[in-house]
>>> print(open('run02.txt').read())   # compact mmCIF, C-alpha atoms
# COMPACT_ATOMS: atom_id res chain seq x y z
CA MET A 139 -0.67 69.94 193.39
CA PRO A 140 -4.38 69.31 193.70
CA ARG A 141 -5.74 68.92 197.21
CA TRP A 142 -7.61 65.75 196.43
CA LYS A 143 -5.44 62.80 195.47
CA PRO A 144 -6.71 59.47 194.20
CA ASP A 145 -3.93 57.57 195.94
CA ALA A 146 -4.79 58.97 199.39
CA VAL A 147 -4.35 55.67 201.23
CA GLU A 148 -0.86 55.05 199.89
CA ARG A 149 0.19 58.65 200.44
CA LEU A 150 -1.02 58.55 204.04
CA GLN A 151 0.75 55.25 204.67
CA ALA A 152 4.00 56.54 203.21
CA ALA A 153 3.80 59.79 205.18
CA ALA A 154 3.00 57.95 208.41
CA LEU A 155 5.90 55.56 207.98
CA GLU A 156 8.31 58.40 207.25
CA LEU A 157 7.23 60.20 210.41
CA PHE A 158 7.19 57.06 212.61
CA ASP A 159 10.69 56.40 211.35
CA GLU A 160 11.95 59.94 211.91
CA GLN A 161 10.43 60.74 215.29
CA GLY A 162 8.89 57.53 216.64
CA PHE A 163 5.37 56.12 216.53
CA GLU A 164 4.26 57.57 219.87
CA ARG A 165 5.30 61.14 219.10
CA THR A 166 3.61 61.34 215.71
CA THR A 167 0.11 62.85 215.43
CA VAL A 168 -2.58 62.34 212.82
CA ALA A 169 -2.35 66.06 212.02
CA GLU A 170 1.32 65.66 211.14
CA ILE A 171 0.66 62.61 208.99
CA ALA A 172 -2.07 64.43 207.04
CA ARG A 173 0.13 67.48 206.59
CA ARG A 174 3.07 65.43 205.33
CA ALA A 175 0.76 63.66 202.85
CA GLU A 176 -0.68 67.04 201.76
CA LEU A 177 -4.15 65.87 202.73
CA THR A 178 -6.67 66.83 205.39
CA GLN A 179 -7.26 65.08 208.71
CA ARG A 180 -10.79 64.42 207.48
CA THR A 181 -9.32 62.40 204.61
CA PHE A 182 -7.15 60.52 207.08
CA PHE A 183 -10.17 59.54 209.16
CA ASN A 184 -12.11 58.58 206.02
CA HIS A 185 -9.60 55.79 205.57
CA PHE A 186 -8.23 54.90 209.03
CA ALA A 187 -9.76 54.71 212.51
CA ASP A 188 -6.53 55.84 214.21
CA LYS A 189 -2.82 56.15 213.61
CA ARG A 190 -2.18 52.49 214.44
CA GLU A 191 -4.52 51.42 211.66
CA VAL A 192 -2.28 53.08 209.07
CA LEU A 193 0.05 50.17 209.78
CA PHE A 194 -2.62 47.48 209.62
CA GLY A 195 -5.04 48.94 207.10
CA MET A 196 -4.03 46.60 204.31
CA ASP A 197 -4.74 43.51 206.38
CA ALA A 198 -8.44 43.10 205.62
CA GLU A 199 -7.89 43.35 201.86
CA LEU A 200 -4.93 40.97 201.97
CA ARG A 201 -6.92 38.45 204.01
CA GLN A 202 -9.87 38.53 201.62
CA GLU A 203 -7.59 38.04 198.64
CA LEU A 204 -5.80 35.16 200.35
CA VAL A 205 -9.01 33.36 201.30
CA ARG A 206 -10.36 33.81 197.76
CA GLU A 207 -7.19 32.33 196.26
CA ILE A 208 -7.19 29.39 198.70
CA THR A 209 -10.77 28.61 197.74
CA ALA A 210 -9.85 28.87 194.04
CA ALA A 211 -6.87 26.50 194.46
CA ASP A 212 -9.01 23.61 195.67
CA ALA A 213 -7.31 21.03 193.45
CA LEU A 214 -4.10 21.35 195.50
CA PRO A 215 -3.31 19.72 198.85
CA PRO A 216 -3.88 22.10 201.81
CA LEU A 217 -0.37 23.49 202.37
CA ASP A 218 0.25 23.89 198.63
CA ALA A 219 -3.07 25.69 198.20
CA VAL A 220 -2.13 28.22 200.89
CA VAL A 221 1.38 28.73 199.59
CA CYS A 222 0.07 29.13 196.04
CA ALA A 223 -2.40 31.75 197.31
CA MET A 224 0.38 33.51 199.23
CA ARG A 225 2.48 33.68 196.06
CA VAL A 226 -0.39 35.34 194.18
CA VAL A 227 -0.89 37.86 197.00
CA ALA A 228 2.87 38.50 197.14
CA ASP A 229 2.89 39.39 193.44
CA LYS A 230 -0.30 41.43 193.44
CA MET A 231 -0.13 43.28 196.72
CA LEU A 232 3.36 43.21 198.22
CA GLU A 233 6.16 42.93 195.68
CA SER A 234 5.95 46.55 194.47
CA ARG A 235 5.83 47.85 198.04
CA ARG A 236 9.01 46.39 199.52
CA ALA A 237 10.33 49.70 200.89
CA VAL A 238 7.05 50.53 202.61
CA VAL A 239 6.60 47.05 204.08
CA THR A 240 10.21 47.05 205.32
CA ARG A 241 9.71 50.38 207.07
CA ARG A 242 6.44 49.11 208.54
CA TYR A 243 8.28 46.10 210.02
CA ALA A 244 10.90 48.36 211.60
CA VAL A 245 8.23 50.56 213.22
CA ILE A 246 6.39 47.55 214.63
CA ALA A 247 9.59 45.95 215.92
CA ALA A 248 10.33 49.11 217.91
CA ASN A 249 6.97 49.21 219.73
CA PRO A 250 5.68 46.43 222.03
CA GLU A 251 2.05 47.54 221.72
CA LEU A 252 2.27 47.33 217.92
CA GLN A 253 4.02 43.97 218.17
CA GLU A 254 1.10 42.64 220.18
CA ARG A 255 -1.35 43.88 217.61
CA GLU A 256 0.72 42.30 214.86
CA LEU A 257 0.74 38.95 216.70
CA GLY A 258 -3.03 39.18 217.17
CA LYS A 259 -3.57 39.97 213.48
CA ASN A 260 -1.34 37.06 212.48
CA ALA A 261 -3.24 34.70 214.78
CA ALA A 262 -6.55 35.87 213.27
CA LEU A 263 -5.17 35.43 209.75
CA THR A 264 -4.03 31.89 210.61
CA GLU A 265 -7.55 31.12 211.81
CA ASP A 266 -9.06 32.54 208.61
CA ILE A 267 -6.76 30.40 206.50
CA ALA A 268 -7.61 27.31 208.58
CA ALA A 269 -11.33 28.09 208.20
CA ALA A 270 -10.93 28.37 204.41
CA LEU A 271 -9.18 24.98 204.33
CA HIS A 272 -11.79 23.45 206.60
CA ALA A 273 -14.52 24.80 204.30
CA ARG A 274 -12.98 22.87 201.40
CA GLY A 275 -13.05 19.62 203.39
CA CYS A 276 -9.82 19.56 205.37
CA ASP A 277 -10.10 18.14 208.92
CA PRO A 278 -9.68 20.75 211.70
CA THR A 279 -6.24 19.59 212.89
CA GLY A 280 -4.90 19.31 209.35
CA ALA A 281 -6.30 22.76 208.54
CA PHE A 282 -4.72 24.26 211.67
CA LEU A 283 -1.33 22.68 210.92
CA ALA A 284 -1.32 23.59 207.22
CA ALA A 285 -2.34 27.19 207.99
CA GLY A 286 0.28 27.49 210.74
CA ALA A 287 3.01 25.94 208.59
CA ALA A 288 2.24 28.28 205.68
CA MET A 289 2.32 31.30 208.00
CA LEU A 290 5.66 30.12 209.36
CA ALA A 291 7.11 29.92 205.84
CA GLN A 292 5.60 33.32 205.01
CA GLN A 293 7.23 34.86 208.09
CA ALA A 294 10.61 33.34 207.27
CA ALA A 295 10.30 34.70 203.70
CA MET A 296 9.25 38.17 204.90
CA ARG A 297 12.29 38.31 207.21
CA GLU A 298 14.59 37.75 204.26
CA TRP A 299 12.64 39.97 201.86
CA THR A 300 12.80 42.98 204.21
CA ARG A 301 16.53 42.56 204.91
CA PRO A 302 18.80 45.39 203.64
CA GLY A 303 20.25 44.58 200.24
CA GLU A 304 17.97 41.59 199.57
CA THR A 305 16.88 41.62 195.92
CA ARG A 306 15.07 38.29 195.40
CA THR A 307 11.29 38.51 195.02
CA LEU A 308 8.96 37.60 197.87
CA ARG A 309 7.53 34.83 195.66
CA ASP A 310 10.97 33.25 195.27
CA LEU A 311 11.81 33.64 198.95
CA LEU A 312 8.50 32.04 199.87
CA THR A 313 9.25 29.08 197.62
CA GLU A 314 12.68 28.84 199.26
CA ALA A 315 11.20 29.02 202.78
CA VAL A 316 8.68 26.27 202.02
CA ARG A 317 11.51 24.11 200.73
CA SER A 318 13.47 24.72 203.97
CA LEU A 319 10.37 23.96 206.01
CA ARG A 320 9.88 20.67 204.17
CA THR A 321 13.50 19.78 204.88
CA THR A 322 13.20 20.76 208.54
CA VAL A 323 9.90 19.01 209.16
CA GLY A 324 9.66 16.30 206.58
CA GLY A 325 13.19 15.04 206.25
CA GLU A 326 13.46 13.32 209.61
CA PRO A 327 12.26 9.96 210.94
CA ALA A 328 8.73 10.23 212.30
CA GLU A 329 9.59 8.74 215.68
CA PRO A 330 13.08 9.14 217.07
CA SER A 331 13.56 7.14 220.26
CA PRO A 332 16.51 8.72 222.03
CA PRO A 333 17.56 7.42 225.42
CA ASP A 334 15.37 8.93 228.12
CA SER A 335 17.09 12.11 229.25
CA GLY A 336 16.63 11.23 232.89
CA ALA A 337 13.31 12.93 233.37
CA GLY A 338 10.41 10.57 233.76
CA PRO A 339 6.87 11.51 234.78
CA SER A 340 6.98 13.16 238.17
CA MET B 216 -5.03 24.02 258.75
CA PRO B 217 -1.76 25.92 259.20
CA ARG B 218 -1.55 29.41 257.77
CA TRP B 219 1.69 28.79 255.92
CA LYS B 220 1.53 26.19 253.20
CA PRO B 221 4.50 24.87 251.25
CA ASP B 222 2.48 24.52 248.07
CA ALA B 223 1.45 28.19 248.08
CA VAL B 224 2.00 28.72 244.35
CA GLU B 225 -0.20 25.81 243.31
CA ARG B 226 -2.90 26.71 245.84
CA LEU B 227 -2.98 30.30 244.60
CA GLN B 228 -3.15 29.19 240.98
CA ALA B 229 -5.97 26.77 241.71
CA ALA B 230 -7.91 29.37 243.73
CA ALA B 231 -7.43 32.02 241.04
CA LEU B 232 -8.63 29.71 238.28
CA GLU B 233 -11.70 28.70 240.28
CA LEU B 234 -12.60 32.35 240.82
CA PHE B 235 -11.85 33.43 237.22
CA ASP B 236 -14.06 30.58 236.12
CA GLU B 237 -16.90 31.39 238.53
CA GLN B 238 -17.06 35.17 238.23
CA GLY B 239 -14.74 36.19 235.40
CA PHE B 240 -11.13 37.37 235.31
CA GLU B 241 -11.92 41.10 235.48
CA ARG B 242 -14.16 40.86 238.53
CA THR B 243 -11.78 38.80 240.66
CA THR B 244 -9.46 40.56 243.13
CA VAL B 245 -6.16 39.45 244.61
CA ALA B 246 -7.78 39.61 248.06
CA GLU B 247 -10.38 37.07 246.97
CA ILE B 248 -7.77 34.77 245.48
CA ALA B 249 -5.69 34.83 248.68
CA ARG B 250 -8.79 34.22 250.82
CA ARG B 251 -9.90 31.25 248.70
CA ALA B 252 -6.38 29.76 248.93
CA GLU B 253 -6.37 30.36 252.72
CA LEU B 254 -3.26 32.49 252.36
CA THR B 255 -2.44 36.18 252.85
CA GLN B 256 -2.19 38.83 250.11
CA ARG B 257 1.42 39.24 251.15
CA THR B 258 2.02 35.60 250.21
CA PHE B 259 0.28 36.23 246.88
CA PHE B 260 2.60 39.13 246.10
CA ASN B 261 5.64 37.12 247.19
CA HIS B 262 4.93 34.88 244.22
CA PHE B 263 3.12 36.95 241.57
CA ALA B 264 3.38 40.57 240.41
CA ASP B 265 -0.35 40.80 239.68
CA LYS B 266 -3.41 38.65 239.07
CA ARG B 267 -2.54 38.13 235.41
CA GLU B 268 0.78 36.58 236.37
CA VAL B 269 -1.03 33.77 238.20
CA LEU B 270 -1.87 32.54 234.70
CA PHE B 271 1.62 32.95 233.29
CA GLY B 272 3.77 32.29 236.35
CA MET B 273 4.86 28.84 235.22
CA ASP B 274 6.20 30.12 231.92
CA ALA B 275 9.70 31.08 233.02
CA GLU B 276 10.33 27.70 234.65
CA LEU B 277 8.92 25.83 231.68
CA ARG B 278 11.08 27.83 229.28
CA GLN B 279 14.25 27.17 231.27
CA GLU B 280 13.50 23.46 231.41
CA LEU B 281 12.79 23.35 227.68
CA VAL B 282 15.98 25.17 226.74
CA ARG B 283 18.01 22.90 229.03
CA GLU B 284 16.51 19.79 227.42
CA ILE B 285 17.09 21.10 223.88
CA THR B 286 20.72 21.72 224.72
CA ALA B 287 20.99 18.23 226.22
CA ALA B 288 19.46 16.59 223.13
CA ASP B 289 22.18 17.86 220.80
CA ALA B 290 22.62 14.55 219.02
CA LEU B 291 19.17 14.90 217.44
CA PRO B 292 18.20 16.98 214.38
CA PRO B 293 16.66 20.39 215.35
CA LEU B 294 12.93 19.59 215.21
CA ASP B 295 13.40 16.24 216.95
CA ALA B 296 15.49 17.84 219.68
CA VAL B 297 12.72 20.35 220.41
CA VAL B 298 9.95 17.77 220.32
CA CYS B 299 11.97 15.46 222.56
CA ALA B 300 12.44 18.34 225.03
CA MET B 301 8.73 19.15 224.85
CA ARG B 302 7.88 15.53 225.71
CA VAL B 303 10.11 15.66 228.79
CA VAL B 304 8.50 18.94 229.89
CA ALA B 305 5.03 17.52 229.23
CA ASP B 306 5.77 14.57 231.54
CA LYS B 307 7.49 16.56 234.27
CA MET B 308 5.48 19.75 234.40
CA LEU B 309 2.15 19.41 232.64
CA GLU B 310 0.71 15.90 232.60
CA SER B 311 -0.36 15.89 236.27
CA ARG B 312 -1.98 19.31 235.90
CA ARG B 313 -4.44 18.75 233.06
CA ALA B 314 -7.46 20.14 234.91
CA VAL B 315 -5.65 23.34 235.90
CA VAL B 316 -4.15 23.89 232.45
CA THR B 317 -7.54 23.30 230.81
CA ARG B 318 -9.18 25.86 233.06
CA ARG B 319 -6.34 28.29 232.37
CA TYR B 320 -6.98 27.93 228.63
CA ALA B 321 -10.67 28.66 229.08
CA VAL B 322 -9.96 31.82 231.09
CA ILE B 323 -7.49 33.09 228.49
CA ALA B 324 -9.85 32.31 225.60
CA ALA B 325 -12.53 34.47 227.23
CA ASN B 326 -10.35 37.58 227.56
CA PRO B 327 -8.72 39.42 224.61
CA GLU B 328 -6.10 41.11 226.80
CA LEU B 329 -4.99 37.72 228.16
CA GLN B 330 -5.00 36.27 224.66
CA GLU B 331 -2.60 38.99 223.58
CA ARG B 332 -0.31 38.24 226.48
CA GLU B 333 -0.46 34.54 225.64
CA LEU B 334 0.48 35.24 222.01
CA GLY B 335 3.36 37.42 223.18
CA LYS B 336 4.61 34.73 225.56
CA ASN B 337 4.40 32.11 222.81
CA ALA B 338 6.35 34.34 220.43
CA ALA B 339 9.02 34.88 223.08
CA LEU B 340 9.18 31.13 223.76
CA THR B 341 9.58 30.44 220.03
CA GLU B 342 12.50 32.88 219.96
CA ASP B 343 14.10 31.21 222.98
CA ILE B 344 13.82 27.81 221.33
CA ALA B 345 15.28 29.18 218.08
CA ALA B 346 18.14 30.76 220.05
CA ALA B 347 18.87 27.42 221.77
CA LEU B 348 18.97 25.69 218.37
CA HIS B 349 21.16 28.43 216.91
CA ALA B 350 23.53 28.05 219.87
CA ARG B 351 24.04 24.40 218.98
CA GLY B 352 24.98 25.28 215.40
CA CYS B 353 21.67 25.47 213.50
CA ASP B 354 21.45 28.26 210.90
CA PRO B 355 19.05 31.10 211.81
CA THR B 356 16.34 30.25 209.27
CA GLY B 357 16.45 26.54 210.11
CA ALA B 358 16.29 27.37 213.83
CA PHE B 359 13.31 29.70 213.30
CA LEU B 360 11.45 27.11 211.22
CA ALA B 361 12.16 24.18 213.56
CA ALA B 362 11.14 26.22 216.62
CA GLY B 363 7.96 27.45 214.91
CA ALA B 364 7.05 23.98 213.64
CA ALA B 365 7.54 22.46 217.10
CA MET B 366 5.38 25.18 218.68
CA LEU B 367 2.71 24.49 216.07
CA ALA B 368 2.68 20.79 216.94
CA GLN B 369 2.65 21.65 220.64
CA GLN B 370 -0.37 23.92 220.16
CA ALA B 371 -2.24 21.29 218.17
CA ALA B 372 -1.50 18.74 220.92
CA MET B 373 -2.57 21.12 223.70
CA ARG B 374 -5.88 21.75 221.92
CA GLU B 375 -6.63 18.03 221.96
CA TRP B 376 -5.28 17.45 225.47
CA THR B 377 -7.50 20.15 227.00
CA ARG B 378 -10.64 18.93 225.20
CA PRO B 379 -13.44 17.54 227.45
CA GLY B 380 -13.21 13.76 227.73
CA GLU B 381 -9.74 13.49 226.19
CA THR B 382 -7.70 10.87 228.09
CA ARG B 383 -4.54 10.40 226.02
CA THR B 384 -1.35 11.86 227.53
CA LEU B 385 0.12 15.12 226.26
CA ARG B 386 3.27 13.19 225.29
CA ASP B 387 1.23 10.88 223.05
CA LEU B 388 -0.80 13.72 221.55
CA LEU B 389 2.41 15.61 220.84
CA THR B 390 3.83 12.59 219.03
CA GLU B 391 0.58 12.36 217.07
CA ALA B 392 0.63 16.09 216.20
CA VAL B 393 4.21 15.89 214.96
CA ARG B 394 3.23 12.93 212.78
CA SER B 395 0.32 14.96 211.33
CA LEU B 396 2.61 17.92 210.77
CA ARG B 397 5.10 15.73 208.91
CA THR B 398 2.27 14.46 206.73
CA THR B 399 0.93 17.97 206.10
CA VAL B 400 4.29 19.56 205.37
CA GLY B 401 6.54 16.77 204.24
CA GLY B 402 4.29 14.58 202.19
CA GLU B 403 3.81 16.85 199.19
CA PRO B 404 5.94 17.71 196.18
CA ALA B 405 8.30 20.58 196.94
CA GLU B 406 7.24 22.66 193.94
CA PRO B 407 3.72 22.33 192.61
CA SER B 408 3.28 24.37 189.45
CA PRO B 409 -0.44 24.93 189.09
CA PRO B 410 -1.75 27.03 186.23
CA ASP B 411 -1.46 30.71 187.09
CA SER B 412 -4.71 31.68 188.79
CA GLY B 413 -5.08 34.80 186.71
CA ALA B 414 -3.16 37.12 188.97
CA GLY B 415 0.24 38.13 187.68
CA PRO B 416 2.44 40.82 189.17
CA SER B 417 0.58 44.12 189.18
>>> encode(input="run02.txt", output="structure tokens")
Amino acid sequence: MPRWKPDAVERLQAAALELFDEQGFERTTVAEIARRAELTQRTFFNHFADKREVLFGMDAELRQELVREITAADALPPLDAVVCAMRVVADKMLESRRAVVTRRYAVIAANPELQERELGKNAALTEDIAAALHARGCDPTGAFLAAGAAMLAQQAAMREWTRPGETRTLRDLLTEAVRSLRTTVGGEPAEPSPPDSGAGPS
Amino acid sequence: MPRWKPDAVERLQAAALELFDEQGFERTTVAEIARRAELTQRTFFNHFADKREVLFGMDAELRQELVREITAADALPPLDAVVCAMRVVADKMLESRRAVVTRRYAVIAANPELQERELGKNAALTEDIAAALHARGCDPTGAFLAAGAAMLAQQAAMREWTRPGETRTLRDLLTEAVRSLRTTVGGEPAEPSPPDSGAGPS
């Protein structure tokens, strides 16, 4: 096989995930990842700052694509615009990579430091989505709530999509999650007035 | 003034927040916090593991209270049960402490490490809420979505409540945020079918 491979990023990600899976994230070195991918360490560092970034390297591209799609969908109400954009990104960037994304989730779930980074990246993505909605005229609170609600549906869909044996597409699971969210949030009276549960202001 | 004070925890929290505010979180020592509170370092360490925990020390109590209230409100649908519990906790544990909570937010916002811890604590709280809903018979996805939606409303309300000059109660702002969330999420058609934005599956 030739030393130089056009799909270096994907090969490095796949190799890293295999190794993280086999021997743990902490115990895997960049040298091992490069070797498994049949590439050099130099190539690794051309694409990723460190071994953690192999797991988060797609984030910037995904975010850009999402923001572009939200801006394009400006005829739709805020939440629908975000969900529509998420469906496009699911088809273009995620659907064909279910095995890799599933493995990535498992690695992150096993490492508190990676979980923190994932939470931070999700919070930043939520802010980017809210900013894109605000830029198209949505008030700040509405933008924050629509962005947060869409991320919530996305997370619920991703949980299902990465479950063993699940065969439905991410697009369909996202549609399903938004429907559940609408039932959970929208289906109830706006102001229930239950009897005070015995705890007044102290 | 006597050396031993029954309100040690609140005095230490107030002293810590003053110092974090004045000279930054990183530059403040436990010795300084104890001195400002007119207490000993030993007393500090009786209550907090380290100076970061001064900021997060109330979390365990708040979580217990919230879970107890959710379990008590089992006649309500999931989201309403959580929001009802959040209102009780707002009245009992937060409303009288607006100045302290506001300062706490400012300290956290200025420090990435504290932001990460805050995100982690929020994620753990969301899971606890979902577990409490699941325990009363809610399906896992519904529990996850109701917990996440309630946390989203809570965050929107806290943003307003800690804003300079804001005088409405947290309870009222929470009610308002839930109303906005219902409008954002519930008010739209479940399945918009916009023209495909040019990006099919790749």
>>> interface_residues(input="run02.txt", of="chain B", to="chain A", cutoff="7 Å", atoms="all atoms listed in the file", output="PyMOL selection string")
chain B and resi 294+303+306-307+331+334-335+356-357+360-361+363-364+367+371+394+396-397+399-401+405+414-417
>>> residues_around(input="run02.txt", residues="A:Phe182", least_positions_apart="4", cutoff="12 Å", atoms="all atoms listed in the file", output="PyMOL selection string")
chain A and resi 142-143+145-151+153-154+167-178+186-192+195
>>> residues_around(input="run02.txt", residues="stretch 162-166 of chain A", least_positions_apart="5", cutoff="8 Å", atoms="all atoms listed in the file", output="list of chain:residue names")
A:Leu157, A:Ile171, A:Val245, A:Asn249
>>> write_last_selection(input="run02.txt", atoms="C-alpha atoms", output="CSV table (one decimal), in the coordinates of the input")
chain,number,residue,atom,x,y,z
A,157,LEU,CA,7.2,60.2,210.4
A,171,ILE,CA,0.7,62.6,209.0
A,245,VAL,CA,8.2,50.6,213.2
A,249,ASN,CA,7.0,49.2,219.7
>>> axis_aligned_box(input="run02.txt", around="stretch 199-215 of chain A", padding_each_side="5 Å", output="JSON")
{"center_x": -7.0, "center_y": 31.5, "center_z": 198.7, "size_x": 17.5, "size_y": 33.6, "size_z": 20.6}
>>> atom_distance(input="run02.txt", atom1="atom CA of A:Glu156", atom2="atom CA of A:Arg201")
25.3 Å
>>> atom_distance(input="run02.txt", atom1="atom CA of B:Arg378", atom2="atom CA of A:Asp277")
16.3 Å
>>> atom_distance(input="run02.txt", atom1="atom CA of B:Glu381", atom2="atom CA of B:Tyr320")
14.9 Å
>>> closest_residue(input="run02.txt", among="B:Thr382, B:Thr258, B:Thr286, B:Gln238", to="B:Arg351", atoms="only C-alpha atoms")
B:Thr286
>>> closest_residue(input="run02.txt", among="A:Leu308, A:Val239, A:Ile246, A:Ala269", to="A:Ile208", atoms="only C-alpha atoms")
A:Ala269
>>> build_atoms(input="run02.txt", residues="stretch 147-155 of chain A", atoms="all heavy atoms", output="tab-separated table (two decimals), keeping the file's coordinate frame")
chain	number	residue	atom	x	y	z
A	147	VAL	N	-4.75	56.70	200.27
A	147	VAL	CA	-4.35	55.67	201.23
A	147	VAL	C	-2.83	55.46	201.19
A	147	VAL	O	-2.16	55.47	202.23
A	147	VAL	CB	-5.10	54.34	200.95
A	147	VAL	CG1	-4.47	53.19	201.72
A	147	VAL	CG2	-6.57	54.49	201.33
A	148	GLU	N	-2.30	55.30	199.98
A	148	GLU	CA	-0.86	55.05	199.89
A	148	GLU	C	-0.03	56.25	200.33
A	148	GLU	O	1.02	56.10	200.95
A	148	GLU	CB	-0.49	54.62	198.48
A	148	GLU	CG	-1.05	53.24	198.19
A	148	GLU	CD	-0.41	52.55	196.99
A	148	GLU	OE1	0.46	53.15	196.35
A	148	GLU	OE2	-0.82	51.42	196.70
A	149	ARG	N	-0.53	57.45	200.01
A	149	ARG	CA	0.19	58.65	200.44
A	149	ARG	C	0.20	58.76	201.96
A	149	ARG	O	1.22	59.12	202.56
A	149	ARG	CB	-0.46	59.90	199.85
A	149	ARG	CG	-0.31	60.02	198.33
A	149	ARG	CD	-0.94	61.33	197.84
A	149	ARG	NE	-0.22	62.47	198.36
A	149	ARG	CZ	0.83	63.04	197.76
A	149	ARG	NH1	1.26	62.53	196.62
A	149	ARG	NH2	1.43	64.07	198.28
A	150	LEU	N	-0.94	58.48	202.57
A	150	LEU	CA	-1.02	58.55	204.04
A	150	LEU	C	-0.12	57.50	204.69
A	150	LEU	O	0.56	57.78	205.68
A	150	LEU	CB	-2.47	58.37	204.50
A	150	LEU	CG	-3.39	59.58	204.21
A	150	LEU	CD1	-4.86	59.19	204.35
A	150	LEU	CD2	-3.06	60.75	205.15
A	151	GLN	N	-0.11	56.30	204.11
A	151	GLN	CA	0.75	55.25	204.67
A	151	GLN	C	2.23	55.64	204.56
A	151	GLN	O	2.99	55.49	205.53
A	151	GLN	CB	0.50	53.92	203.94
A	151	GLN	CG	-0.81	53.26	204.39
A	151	GLN	CD	-1.15	52.01	203.58
A	151	GLN	OE1	-0.77	51.90	202.42
A	151	GLN	NE2	-1.86	51.08	204.20
A	152	ALA	N	2.60	56.15	203.40
A	152	ALA	CA	4.00	56.54	203.21
A	152	ALA	C	4.40	57.66	204.16
A	152	ALA	O	5.46	57.62	204.79
A	152	ALA	CB	4.23	56.95	201.75
A	153	ALA	N	3.51	58.66	204.29
A	153	ALA	CA	3.80	59.79	205.18
A	153	ALA	C	3.91	59.32	206.62
A	153	ALA	O	4.82	59.72	207.36
A	153	ALA	CB	2.69	60.84	205.05
A	154	ALA	N	2.98	58.45	207.03
A	154	ALA	CA	3.00	57.95	208.41
A	154	ALA	C	4.29	57.20	208.69
A	154	ALA	O	4.94	57.41	209.72
A	154	ALA	CB	1.79	57.05	208.64
A	155	LEU	N	4.68	56.35	207.76
A	155	LEU	CA	5.90	55.56	207.98
A	155	LEU	C	7.14	56.44	208.05
A	155	LEU	O	8.03	56.21	208.86
A	155	LEU	CB	6.03	54.49	206.89
A	155	LEU	CG	5.06	53.33	207.07
A	155	LEU	CD1	5.00	52.48	205.81
A	155	LEU	CD2	5.48	52.46	208.26
